[in-house]
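**Student:** Structure file my_file.cif, mmCIF, C-alpha atoms, is pasted below:
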data_my_file
loop_
_atom_site.label_atom_id
_atom_site.label_comp_id
_atom_site.auth_asym_id
_atom_site.auth_seq_id
_atom_site.Cartn_x
_atom_site.Cartn_y
_atom_site.Cartn_z
CA MET E 1071 36.62 16.30 11.22
CA ALA E 1072 33.26 17.52 12.45
CA THR E 1073 30.50 15.98 10.36
CA TRP E 1074 27.54 17.81 11.74
CA GLY E 1075 26.70 20.51 14.16
CA GLY E 1076 24.53 23.49 14.56
CA THR E 1077 21.64 24.58 16.70
CA ILE E 1078 18.28 23.30 17.78
CA ASN E 1079 15.52 25.78 18.34
CA ALA E 1080 13.68 24.67 21.46
CA TRP E 1081 10.62 25.97 23.24
CA PRO E 1082 9.02 29.34 22.65
CA PHE E 1083 10.42 32.11 24.66
CA THR E 1084 7.90 34.03 26.71
CA GLU E 1085 8.72 36.96 28.82
CA VAL E 1086 7.01 37.51 32.15
CA THR E 1087 7.24 40.29 34.60
CA THR E 1088 7.59 39.49 38.24
CA ALA E 1089 6.48 41.69 41.11
CA ALA E 1090 10.07 42.77 41.43
CA THR E 1091 9.87 44.13 37.86
CA THR E 1092 12.38 41.62 36.62
CA THR E 1093 11.77 40.32 33.15
CA LEU E 1094 12.45 36.63 32.99
CA ASN E 1095 12.14 33.69 30.68
CA THR E 1096 9.29 31.35 31.71
CA TRP E 1097 11.83 28.55 31.84
CA ILE E 1098 14.00 30.55 34.16
CA VAL E 1099 11.04 31.18 36.38
CA TRP E 1100 9.93 27.60 36.27
CA ASN E 1101 13.35 26.23 36.98
CA GLN E 1102 14.25 28.90 39.44
CA THR E 1103 15.25 27.56 42.80
CA GLY E 1104 16.25 30.69 44.58
CA THR E 1105 14.31 33.31 46.43
CA ALA E 1106 12.93 36.48 44.96
CA THR E 1107 16.38 37.92 44.90
CA THR E 1108 18.06 34.93 43.28
CA THR E 1109 17.35 33.78 39.78
CA ILE E 1110 19.10 30.73 38.49
CA ASP E 1111 18.27 29.22 35.16
CA GLN E 1112 18.56 25.53 35.90
CA TRP E 1113 18.94 24.69 32.24
CA GLN E 1114 21.84 27.03 31.81
CA TYR E 1115 23.32 25.84 35.07
CA TRP E 1116 23.01 22.20 34.04
CA ASN E 1117 24.44 22.85 30.63
CA SER E 1118 27.29 24.87 31.96
CA THR E 1119 28.72 21.68 33.44
CA THR E 1120 28.40 19.68 30.25
CA GLY E 1121 29.96 22.12 27.87
CA VAL E 1122 26.76 22.58 25.93
CA GLY E 1123 25.31 26.02 26.04
CA TRP E 1124 21.88 27.48 25.74
CA THR E 1125 21.31 30.79 24.09
CA THR E 1126 18.15 32.72 24.55
CA GLY E 1127 17.05 35.24 22.03
CA SER E 1128 13.94 37.07 21.12
CA GLY E 1129 11.21 34.47 20.98
CA TYR E 1130 13.33 31.34 21.23
CA SER E 1131 15.87 29.37 23.15
CA ARG E 1132 18.62 27.61 21.32
CA LEU E 1133 20.84 24.68 22.14
CA ASN E 1134 24.34 25.08 20.77
CA TYR E 1135 25.99 21.76 20.37
CA LYS E 1136 28.97 20.26 18.70
CA PRO E 1137 29.15 16.48 18.57
CA ARG E 1138 32.37 14.68 18.82
CA GLU E 1139 34.22 13.97 15.61
CA LEU E 1140 33.64 10.56 14.06
CA THR E 1141 36.51 8.21 13.41
CA PRO E 1142 37.24 7.20 9.80
CA GLU E 1143 35.92 3.71 10.67
CA GLU E 1144 32.65 5.13 11.95
CA LEU E 1145 32.32 7.29 8.86
CA GLU E 1146 32.94 4.29 6.63
CA ALA E 1147 30.38 2.24 8.59
CA GLN E 1148 27.84 5.05 8.13
CA ARG E 1149 28.58 5.18 4.41
CA VAL E 1150 28.17 1.41 4.02
CA ALA E 1151 24.93 1.41 6.01
CA ALA E 1152 23.53 4.24 3.89
CA ALA E 1153 24.48 2.40 0.70
CA GLN E 1154 22.78 -0.77 1.97
CA ARG E 1155 19.63 1.15 2.84
CA GLU E 1156 19.57 2.71 -0.61
CA GLU E 1157 20.12 -0.67 -2.27
CA GLN E 1158 17.27 -2.18 -0.27
CA ALA E 1159 14.96 0.70 -1.12
CA ALA E 1160 15.83 0.35 -4.82
CA LYS E 1161 15.05 -3.36 -4.70
CA ILE E 1162 11.68 -2.72 -3.05
CA ARG E 1163 10.89 -0.11 -5.71
CA ALA E 1164 11.89 -2.50 -8.50
CA ASP E 1165 9.84 -5.37 -7.02
CA ARG E 1166 6.82 -3.12 -6.71
CA GLU E 1167 7.16 -1.94 -10.30
CA GLN E 1168 7.47 -5.54 -11.46
CA ALA E 1169 4.36 -6.53 -9.48
CA VAL E 1170 2.41 -3.66 -11.03
CA GLN E 1171 3.61 -4.63 -14.49
CA ARG E 1172 2.67 -8.30 -14.01
CA ALA E 1173 -0.78 -7.34 -12.78
CA GLU E 1174 -1.32 -4.99 -15.73
CA THR E 1175 -0.34 -7.77 -18.15
CA LEU E 1176 -2.75 -10.22 -16.50
CA LEU E 1177 -5.61 -7.71 -16.55
CA HIS E 1178 -5.03 -6.78 -20.18
CA ALA E 1179 -4.98 -10.45 -21.18
CA HIS E 1180 -8.55 -10.74 -19.89
CA LEU E 1181 -10.03 -7.63 -21.43
CA SER E 1182 -11.62 -7.38 -24.85
CA PRO E 1183 -9.92 -5.03 -27.33
CA ALA E 1184 -12.70 -2.47 -26.70
CA GLN E 1185 -12.19 -2.66 -22.94
CA ARG E 1186 -8.42 -2.29 -23.34
CA LYS E 1187 -9.03 0.85 -25.38
CA GLN E 1188 -11.45 2.26 -22.80
CA LEU E 1189 -8.97 1.58 -20.02
CA ALA E 1190 -6.11 3.20 -21.90
CA HIS E 1191 -8.13 6.30 -22.74
CA ASN E 1192 -10.32 6.79 -19.69
CA GLY E 1193 -8.84 4.65 -16.93
CA ARG E 1194 -12.05 2.60 -16.78
CA PHE E 1195 -13.87 -0.06 -18.74
CA LYS E 1196 -17.47 -1.22 -19.05
CA MET E 1197 -18.70 -4.79 -18.78
CA ARG E 1198 -21.88 -6.84 -18.62
CA SER E 1199 -22.23 -8.98 -15.56
CA GLN E 1200 -23.39 -12.55 -15.14
CA GLU E 1201 -26.93 -11.28 -14.55
CA GLY E 1202 -26.85 -8.79 -17.38
CA ARG E 1203 -26.19 -5.62 -15.40
CA LEU E 1204 -23.93 -2.95 -16.84
CA TYR E 1205 -20.94 -2.01 -14.70
CA GLU E 1206 -17.96 0.25 -15.05
CA ILE E 1207 -14.73 -0.70 -13.32
CA ARG E 1208 -12.46 2.25 -12.74
CA ARG E 1209 -8.81 2.32 -11.80
CA GLY E 1210 -8.52 1.74 -8.08
CA HIS E 1211 -8.49 -0.88 -5.37
CA HIS E 1212 -11.91 -0.27 -3.90
CA GLY E 1213 -14.89 2.01 -4.30
CA ASN E 1214 -14.13 1.82 -8.00
CA ILE E 1215 -17.13 -0.09 -9.35
CA VAL E 1216 -20.15 1.77 -10.62
CA ARG E 1217 -23.36 0.20 -11.86
CA LEU E 1218 -24.86 2.07 -14.78
CA ASP E 1219 -28.25 2.03 -16.44
CA ASP E 1220 -28.37 1.48 -20.17
CA GLY E 1221 -28.19 5.21 -20.72
CA GLY E 1222 -24.88 5.34 -18.86
CA LYS E 1223 -26.32 6.98 -15.75
CA GLU E 1224 -24.86 5.90 -12.41
CA ILE E 1225 -27.23 3.81 -10.29
CA GLU E 1226 -25.02 2.35 -7.58
CA LYS E 1227 -21.47 2.51 -6.29
CA LEU E 1228 -19.93 -0.72 -5.03
CA CYS E 1229 -17.05 -0.90 -2.64
CA VAL E 1230 -15.34 -4.28 -2.60
CA TYR E 1231 -11.72 -5.28 -2.94
CA ALA E 1232 -9.46 -8.31 -3.19
CA THR E 1233 -7.51 -8.78 0.04
CA GLY E 1234 -3.82 -9.70 0.24
CA GLY E 1235 -2.41 -6.37 -0.83
CA VAL E 1236 -2.66 -7.21 -4.52
CA PRO E 1237 -1.73 -4.55 -7.08
CA GLU E 1238 -4.48 -2.32 -8.44
CA ALA E 1239 -4.84 -4.15 -11.76
CA ASP E 1240 -5.19 -7.52 -10.00
CA CYS E 1241 -7.89 -6.03 -7.84
CA MET E 1242 -9.74 -4.79 -10.92
CA LEU E 1243 -9.44 -8.18 -12.59
CA ALA E 1244 -10.74 -9.92 -9.46
CA GLN E 1245 -13.75 -7.60 -9.50
CA LYS E 1246 -14.35 -8.34 -13.18
CA LEU E 1247 -14.10 -12.11 -12.69
CA TYR E 1248 -16.54 -12.03 -9.79
CA LEU E 1249 -19.01 -9.89 -11.71
CA GLU E 1250 -18.83 -12.29 -14.65
CA MET E 1251 -18.91 -15.56 -12.75
CA ASN E 1252 -20.25 -14.96 -9.25
CA GLU E 1253 -21.97 -11.61 -9.24
CA ALA E 1254 -24.24 -12.59 -6.35
CA GLN E 1255 -21.25 -13.23 -4.08
CA LEU E 1256 -19.64 -9.91 -4.97
CA ARG E 1257 -22.87 -8.05 -4.30
CA ARG E 1258 -23.31 -9.86 -0.98
CA VAL E 1259 -19.86 -8.77 0.18
CA ALA E 1260 -19.77 -5.29 -1.37
CA HIS E 1261 -20.81 -2.13 0.36
CA ILE E 1262 -23.40 -0.81 -2.08
CA THR E 1263 -24.44 2.83 -2.14
CA PRO E 1264 -27.36 3.90 -4.31
CA VAL E 1265 -26.62 7.01 -6.33
CA ALA E 1266 -29.14 9.75 -5.72
CA ALA E 1267 -31.24 10.63 -8.76
CA MET T 1427 -0.23 -32.95 -24.37
CA ALA T 1428 -2.08 -29.98 -22.86
CA LYS T 1429 -0.24 -27.19 -21.09
CA CYS T 1430 -2.26 -25.62 -18.35
CA GLU T 1431 -1.61 -22.62 -16.16
CA MET T 1432 -2.67 -21.28 -12.80
CA ALA T 1433 -2.12 -17.56 -12.10
CA ILE T 1434 -2.09 -16.84 -8.39
CA MET T 1435 -2.72 -13.26 -7.36
CA GLY T 1436 -0.59 -11.91 -4.53
CA GLY T 1437 1.15 -8.86 -3.21
CA SER T 1438 4.01 -9.28 -5.69
CA GLY T 1439 1.73 -9.60 -8.68
CA ASP T 1440 0.67 -12.98 -9.93
CA THR T 1441 2.86 -16.06 -9.79
CA LYS T 1442 2.34 -18.90 -12.21
CA VAL T 1443 2.09 -22.64 -11.77
CA MET T 1444 2.21 -24.61 -15.02
CA TRP T 1445 1.40 -28.22 -15.55
CA ASP T 1446 1.02 -30.73 -18.30
CA SER T 1447 -2.28 -32.53 -17.86
CA GLU T 1448 -0.63 -35.78 -18.93
CA GLN T 1449 2.17 -35.56 -16.39
CA GLU T 1450 0.91 -37.01 -13.14
CA ALA T 1451 3.53 -35.37 -10.92
CA GLU T 1452 2.89 -31.95 -12.41
CA VAL T 1453 -0.86 -32.38 -12.03
CA GLU T 1454 -0.44 -33.41 -8.40
CA ASN T 1455 1.75 -30.44 -7.66
CA ALA T 1456 -0.82 -28.10 -9.21
CA ARG T 1457 -3.64 -29.83 -7.34
CA ARG T 1458 -1.80 -29.41 -4.03
CA THR T 1459 -1.28 -25.72 -4.72
CA PHE T 1460 -4.91 -25.31 -5.72
CA ASN T 1461 -6.20 -27.03 -2.57
CA ASP T 1462 -3.84 -25.06 -0.35
CA LEU T 1463 -5.05 -21.78 -1.84
CA ARG T 1464 -8.69 -22.79 -1.59
CA GLY T 1465 -8.08 -23.59 2.06
CA ARG T 1466 -6.76 -20.06 2.48
CA GLY T 1467 -9.95 -18.56 1.09
CA TYR T 1468 -8.92 -18.05 -2.53
CA ALA T 1469 -11.60 -18.29 -5.21
CA ALA T 1470 -10.76 -20.09 -8.45
CA PHE T 1471 -11.92 -18.91 -11.85
CA ALA T 1472 -11.44 -21.04 -14.93
CA VAL T 1473 -11.01 -18.77 -17.93
CA ARG T 1474 -10.41 -19.45 -21.57
CA THR T 1475 -7.80 -17.63 -23.56
CA SER T 1476 -10.13 -17.83 -26.56
CA GLY T 1477 -12.39 -15.33 -24.81
CA GLU T 1478 -15.18 -17.82 -24.13
CA LYS T 1479 -17.15 -17.39 -20.97
CA GLY T 1480 -15.40 -18.75 -17.89
CA ARG T 1481 -16.74 -20.23 -14.66
CA GLN T 1482 -15.94 -20.31 -10.98
CA VAL T 1483 -14.70 -23.71 -9.85
CA THR T 1484 -14.38 -25.26 -6.42
CA GLU T 1485 -12.53 -28.44 -7.42
CA PHE T 1486 -9.23 -28.68 -9.23
CA ASP T 1487 -9.66 -29.46 -12.91
CA PRO T 1488 -6.43 -30.86 -14.40
CA GLU T 1489 -7.72 -30.02 -17.87
CA ALA T 1490 -8.48 -26.40 -17.08
CA GLU T 1491 -6.75 -24.30 -19.68
CA LYS T 1492 -6.19 -21.42 -17.31
CA LEU T 1493 -7.10 -20.84 -13.69
CA ILE T 1494 -6.94 -17.51 -11.91
CA MET T 1495 -6.73 -17.71 -8.16
CA VAL T 1496 -8.17 -14.65 -6.45
CA PRO T 1497 -7.74 -13.86 -2.76
CA GLN T 1498 -10.80 -13.43 -0.63
CA ILE T 1499 -12.83 -10.31 -1.35
CA ALA T 1500 -14.01 -7.92 1.32
CA GLY T 1501 -16.43 -5.03 1.42
CA GLY T 1502 -14.97 -1.58 1.70
#
Would it be possible to restate this file's structure as structure tokens?
**Tutor:**
Amino acid sequence: MATWGGTINAWPFTEVTTAATTTLNTWIVWNQTGTATTTIDQWQYWNSTTGVGWTTGSGYSRLNYKPRELTPEELEAQRVAAAQREEQAAKIRADREQAVQRAETLLHAHLSPAQRKQLAHNGRFKMRSQEGRLYEIRRGHHGNIVRLDDGGKEIEKLCVYATGGVPEADCMLAQKLYLEMNEAQLRRVAHITPVAA
Amino acid sequence: MAKCEMAIMGGSGDTKVMWDSEQEAEVENARRTFNDLRGRGYAAFAVRTSGEKGRQVTEFDPEAEKLIMVPQIAGG
């Protein structure tokens, strides 16, 4: 049973005109080994001995191929391998979802009810830092902290993140903890961009 | 008997280490984990579930109600 087959479109087909007014494929010209009176397409020649044929058409060259038929054992091995790959991918997806869920739970446990509401509605929450500054932490891993004035106007953008490939919510919690308990360290590490007035 | 907890942030979400402050073996296990993480650049924040203000700590406190271990931060 043939399991796959078909054609591959290869290089663009370009026609050229030689001095002898013969119109040829650039590949034919390139691969040509004969004299001006002999034109041999080396690709076609090569393929003619392997049973695989090239077809040239308007604007393309095409490889016609037909692979050998797979044995039932090979087909079964392919099926098993595909199932294993799918199972592995599903596990990775499930682990990632679990990690995200755990991080969300941890973040929520350390937000006030008002902050939880802000996060749910706007994807961001406001907080006062150790030194009394007003910040907004938005959903994201980095570049997601904004310092606000008391009127809510943006003053600075801070780009800092927790390393280790932690989920987004863990990153946000790390930023919050630093701002509450070691703001100076966060500001030392962060890339801070003043917001133009 | 006081149950304490350490949440360790990581790529798979946080993992938890629990200990009873009156159980020496549990405290030692938690202390070892704490010191190992500190050695790897983690910062430790002692937080209170009651919502009181927390603090950053550099030494293991067996009586800490809850510790959150945060990997090193970096500027973007």
**Student:** Please evaluate the PyMOL selection byres ((chain E) within 10 of (chain T)) against the displayed coordinates and give the resulting residues as a VMD selection string.
**Tutor:** chain E and resid 1165 to 1176 1179 to 1182 1200 1211 to 1213 1228 to 1241 1243 to 1245 1247 to 1248 1250 to 1252 1255 to 1262
**Student:** Run the PyMOL selection byres ((chain T and resi 1449) around 12) on the file and write out the hits as a PyMOL selection string.
**Tutor:** chain T and resi 1427-1430+1444-1448+1450-1456+1488-1489
**Student:** I would like the residues chosen by the PyMOL selection byres ((chain E and resi 1189) around 12) on the shown file; could you give them as a list in words?
**Tutor:** Glu1174, Leu1177, His1178, Leu1181, Ser1182, Pro1183, Ala1184, Gln1185, Arg1186, Lys1187, Gln1188, Ala1190, His1191, Asn1192, Gly1193, Arg1194, Phe1195, Lys1196, Met1197, Glu1206, Ile1207, Arg1208, Arg1209, Gly1210, Ala1239 and Met1242 of chain E
**Student:** What separation in Å, quoted to one decimal, exists between CA of Lys1492 (chain T) and CA of Lys1442 (chain T)?
**Tutor:**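 Those two atoms sit 10.3 Å apart.
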**Student:** I'd like the interatomic distance between CA of Lys1161 (chain E) and CA of Asp1462 (chain T), to a tenth of an Å.
**Tutor:**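 Here the two named atoms are 29.1 Å from each other.
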**Student:** Report the distance between CA of Ala1152 (chain E) and CA of Pro1137 (chain E) in Å, rounded to one decimal place.
**Tutor:**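 So the two atoms, CA of Ala1152 (chain E) and CA of Pro1137 (chain E), lie 19.9 Å apart.
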